[in-house]
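Student: Enclosed is the structure file input_3.cif (mmCIF, C-alpha atoms).
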data_run
loop_
_atom_site.group_PDB
_atom_site.id
_atom_site.type_symbol
_atom_site.label_atom_id
_atom_site.label_comp_id
_atom_site.auth_asym_id
_atom_site.auth_seq_id
_atom_site.Cartn_x
_atom_site.Cartn_y
_atom_site.Cartn_z
ATOM 1 C CA MET N 1 -24.140 9.631 10.076
ATOM 2 C CA LYS N 2 -25.745 8.630 13.370
ATOM 3 C CA THR N 3 -24.085 10.586 16.135
ATOM 4 C CA ASP N 4 -26.737 10.420 18.857
ATOM 5 C CA LYS N 5 -24.825 7.682 20.743
ATOM 6 C CA LEU N 6 -21.431 9.363 20.438
ATOM 7 C CA THR N 7 -19.636 11.756 22.720
ATOM 8 C CA LYS N 8 -18.977 15.254 21.413
ATOM 9 C CA LEU N 9 -15.286 14.359 21.159
ATOM 10 C CA GLN N 10 -16.047 11.250 19.073
ATOM 11 C CA SER N 11 -18.329 13.238 16.754
ATOM 12 C CA LYS N 12 -15.631 15.873 16.355
ATOM 13 C CA TYR N 13 -13.053 13.167 15.623
ATOM 14 C CA LEU N 14 -15.211 11.704 12.840
ATOM 15 C CA LYS N 15 -15.395 15.110 11.149
ATOM 16 C CA ILE N 16 -11.634 15.597 11.500
ATOM 17 C CA LEU N 17 -11.028 12.050 10.223
ATOM 18 C CA GLU N 18 -12.955 12.912 7.075
ATOM 19 C CA ASP N 19 -11.122 16.245 6.737
ATOM 20 C CA ASN N 20 -7.803 14.356 6.948
ATOM 21 C CA ALA N 21 -8.637 11.960 4.118
ATOM 22 C CA PHE N 22 -9.424 9.174 6.605
ATOM 23 C CA ASN N 23 -5.849 9.104 7.873
ATOM 24 C CA ILE N 24 -6.144 7.863 11.467
ATOM 25 C CA SER N 25 -2.774 9.184 12.611
ATOM 26 C CA ALA N 26 -3.369 12.646 11.148
ATOM 27 C CA ALA N 27 -6.821 12.832 12.738
ATOM 28 C CA CYS N 28 -5.455 11.747 16.126
ATOM 29 C CA ILE N 29 -2.707 14.375 15.946
ATOM 30 C CA ALA N 30 -5.229 17.050 14.960
ATOM 31 C CA MET N 31 -7.414 16.060 17.943
ATOM 32 C CA ASN N 32 -4.409 15.688 20.242
ATOM 33 C CA ILE N 33 -5.378 12.117 21.213
ATOM 34 C CA ASP N 34 -3.496 8.822 21.148
ATOM 35 C CA ARG N 35 -4.253 6.195 18.536
ATOM 36 C CA LYS N 36 -5.052 3.973 21.517
ATOM 37 C CA THR N 37 -7.989 6.262 22.304
ATOM 38 C CA TYR N 38 -9.246 5.841 18.744
ATOM 39 C CA TYR N 39 -9.022 2.049 19.029
ATOM 40 C CA ASN N 40 -10.804 2.134 22.388
ATOM 41 C CA TRP N 41 -13.586 4.204 20.781
ATOM 42 C CA LEU N 42 -13.973 1.499 18.152
ATOM 43 C CA LYS N 43 -15.366 -0.723 20.920
ATOM 44 C CA ASN N 44 -18.375 1.616 20.905
ATOM 45 C CA GLU N 45 -20.742 0.114 18.320
ATOM 46 C CA ALA N 46 -22.085 3.477 17.152
ATOM 47 C CA PHE N 47 -18.584 4.905 16.670
ATOM 48 C CA ALA N 48 -17.377 1.773 14.838
ATOM 49 C CA GLU N 49 -20.434 1.889 12.570
ATOM 50 C CA ASN N 50 -19.752 5.530 11.701
ATOM 51 C CA VAL N 51 -16.100 4.773 10.911
ATOM 52 C CA HIS N 52 -17.188 1.842 8.746
ATOM 53 C CA ASN N 53 -19.708 3.997 6.900
ATOM 54 C CA GLN N 54 -17.079 6.673 6.272
ATOM 55 C CA LYS N 55 -14.728 4.049 4.813
ATOM 56 C CA GLU N 56 -17.521 2.762 2.575
ATOM 57 C CA GLU N 57 -18.198 6.319 1.356
ATOM 58 C CA GLN N 58 -14.501 6.705 0.568
ATOM 59 C CA ILE N 59 -14.538 3.462 -1.426
ATOM 60 C CA ASP N 60 -17.675 4.580 -3.275
ATOM 61 C CA TYR N 61 -15.935 7.835 -4.183
ATOM 62 C CA ALA N 62 -12.815 6.020 -5.415
ATOM 63 C CA GLU N 63 -14.938 3.618 -7.461
ATOM 64 C CA SER N 64 -16.764 6.513 -9.090
ATOM 65 C CA LYS N 65 -13.426 8.056 -10.081
ATOM 66 C CA LEU N 66 -12.281 4.698 -11.441
ATOM 67 C CA ILE N 67 -15.377 4.496 -13.636
ATOM 68 C CA LEU N 68 -14.748 8.049 -14.862
ATOM 69 C CA ASN N 69 -11.184 7.041 -15.771
ATOM 70 C CA ILE N 70 -12.538 4.043 -17.669
ATOM 71 C CA LYS N 71 -14.936 6.315 -19.557
ATOM 72 C CA ASP N 72 -11.926 8.512 -20.391
ATOM 73 C CA LYS N 73 -10.281 5.370 -21.857
ATOM 74 C CA LYS N 74 -7.414 5.290 -19.356
ATOM 75 C CA GLU N 75 -5.887 1.861 -19.906
ATOM 76 C CA ALA N 76 -4.481 1.352 -16.418
ATOM 77 C CA SER N 77 -7.948 1.829 -14.947
ATOM 78 C CA ILE N 78 -9.465 -0.522 -17.504
ATOM 79 C CA PHE N 79 -6.868 -3.226 -16.760
ATOM 80 C CA PHE N 80 -7.303 -2.798 -13.007
ATOM 81 C CA TYR N 81 -11.075 -3.043 -13.259
ATOM 82 C CA LEU N 82 -10.970 -6.165 -15.410
ATOM 83 C CA LYS N 83 -8.397 -7.895 -13.186
ATOM 84 C CA THR N 84 -10.466 -7.229 -10.061
ATOM 85 C CA GLN N 85 -14.037 -7.434 -11.342
ATOM 86 C CA ALA N 86 -13.890 -9.787 -14.326
ATOM 87 C CA LYS N 87 -11.885 -12.703 -12.971
ATOM 88 C CA HIS N 88 -14.752 -15.025 -13.872
ATOM 89 C CA ARG N 89 -14.145 -14.105 -17.513
ATOM 90 C CA GLY N 90 -10.452 -14.947 -17.385
ATOM 91 C CA TYR N 91 -9.020 -11.506 -16.632
ATOM 92 C CA ILE N 92 -6.632 -12.675 -13.984
ATOM 93 C CA GLU N 93 -2.920 -12.747 -13.497
ATOM 94 C CA LYS N 94 -2.038 -16.130 -12.186
ATOM 95 C CA GLN N 95 1.031 -17.927 -11.154
ATOM 96 C CA GLU N 96 1.289 -21.582 -11.998
ATOM 97 C CA ILE N 97 2.666 -23.692 -9.196
ATOM 98 C CA VAL N 98 3.816 -27.204 -9.981
ATOM 99 C CA HIS N 99 3.554 -29.579 -7.079
ATOM 100 C CA GLY N 100 5.729 -32.606 -6.639
ATOM 101 C CA VAL N 101 9.248 -33.395 -7.732
ATOM 102 C CA MET N 102 10.340 -32.097 -11.103
ATOM 103 C CA PRO N 103 12.773 -34.247 -13.099
ATOM 104 C CA SER N 104 16.193 -32.733 -13.511
ATOM 105 C CA LEU N 105 17.352 -31.446 -16.861
ATOM 106 C CA VAL N 106 19.901 -34.256 -17.009
ATOM 107 C CA ASP N 107 17.126 -36.845 -16.564
ATOM 108 C CA LEU N 108 15.037 -35.222 -19.277
ATOM 109 C CA VAL N 109 17.976 -35.207 -21.717
ATOM 110 C CA LYS N 110 18.699 -38.899 -20.985
ATOM 111 C CA LYS N 111 15.040 -39.784 -21.583
ATOM 112 C CA TYR N 112 15.024 -37.799 -24.823
ATOM 113 C CA ARG N 113 18.168 -39.583 -26.073
ATOM 114 C CA GLU N 114 16.739 -43.008 -25.174
ATOM 115 C CA GLU N 115 13.511 -42.281 -27.033
ATOM 116 C CA LYS N 116 15.489 -40.974 -29.990
ATOM 117 C CA LYS N 117 17.543 -44.235 -30.101
ATOM 118 C CA LYS N 118 14.352 -46.370 -29.895
ATOM 119 C CA ASN N 119 12.803 -44.437 -32.764
ATOM 120 C CA ALA N 120 16.004 -44.774 -34.846
ATOM 121 C CA VAL N 121 16.049 -48.577 -34.300
ATOM 122 C CA LYS N 122 12.374 -48.865 -35.314
ATOM 123 C CA LYS N 123 13.064 -47.022 -38.585
ATOM 124 C CA ASP N 124 15.875 -49.429 -39.527
#
As structure tokens, how would this structure be written, given the file I've shared?

Tutor:
Amino acid sequence: MKTDKLTKLQSKYLKILEDNAFNISAACIAMNIDRKTYYNWLKNEAFAENVHNQKEEQIDYAESKLILNIKDKKEASIFFYLKTQAKHRGYIEKQEIVHGVMPSLVDLVKKYREEKKKNAVKKD
């Protein structure tokens, strides 16, 4: 973590943010600062980069636990992984959306009856 371009308060906040499981509100309360102060600090490139890096580390940690769950054959983790990382292989939940006007059930029944009559006449 590069902290050479941060104030002492910002450096302290980053440590408290990590100690509070990256919960912004909890870290602000622990530091006795407003969330607005945190968002103003994000305008500082060095501070924003440190926050980003901390989030990436958190994601890396969560991914490592996910892989451990997969190795332990935990189905929910396996399904989640496949749905998010193997979409190109067809592991995706999708919703089919039909565009345009759908014929009513009454129209479909009428068409079915007409076709049935035509087929009956052809057989005779």

Student: Which residues match the PyMOL selection byres ((chain N and resi 66) around 12) in the file above, as a PyMOL selection string?

Tutor: chain N and resi 59-65+67-82

Student: What is the CA of Glu18 (chain N)-CA of Gln85 (chain N) distance in Å, reported with one decimal?

Tutor: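 Those two atoms sit 27.5 Å apart.
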
Student: Which polymer residues have any atom within 12 Å of an atom of Gln10 (chain N), counting all atoms listed in the file, with same-chain residues fewer than 6 positions away left out, as a ChimeraX atom specification?

Tutor: /N:2-4,16-17,27-28,31,33,37-42,44,46-48,50-51

Student: As an exercise, work out the distance from CA of Lys83 (chain N) to CA of Lys55 (chain N) in Å and give it to one decimal place.

Tutor: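 Computing it gives 22.5 Å between the two atoms.
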
Student: Do you have the CA of Asp19 (chain N)-CA of Asp34 (chain N) distance handy?

Tutor: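 Separation between CA of Asp19 (chain N) and CA of Asp34 (chain N): 17.9 Å.
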
Student: For Lys12 (chain N), which residue out of N:Asn119, N:Asn32, N:Asn53, N:Gln58 is the nearest one, using all atoms listed in the file?

Tutor: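 Closest to Lys12 (chain N), using all atoms listed in the file: N:Asn32.
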
Student: With only C-alpha atoms as the atoms that count, which of N:Met102, N:Ala86, N:Glu115, N:His52 lies nearest to Phe22 (chain N)?

Tutor: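 The closest residue to Phe22 (chain N) is N:His52.
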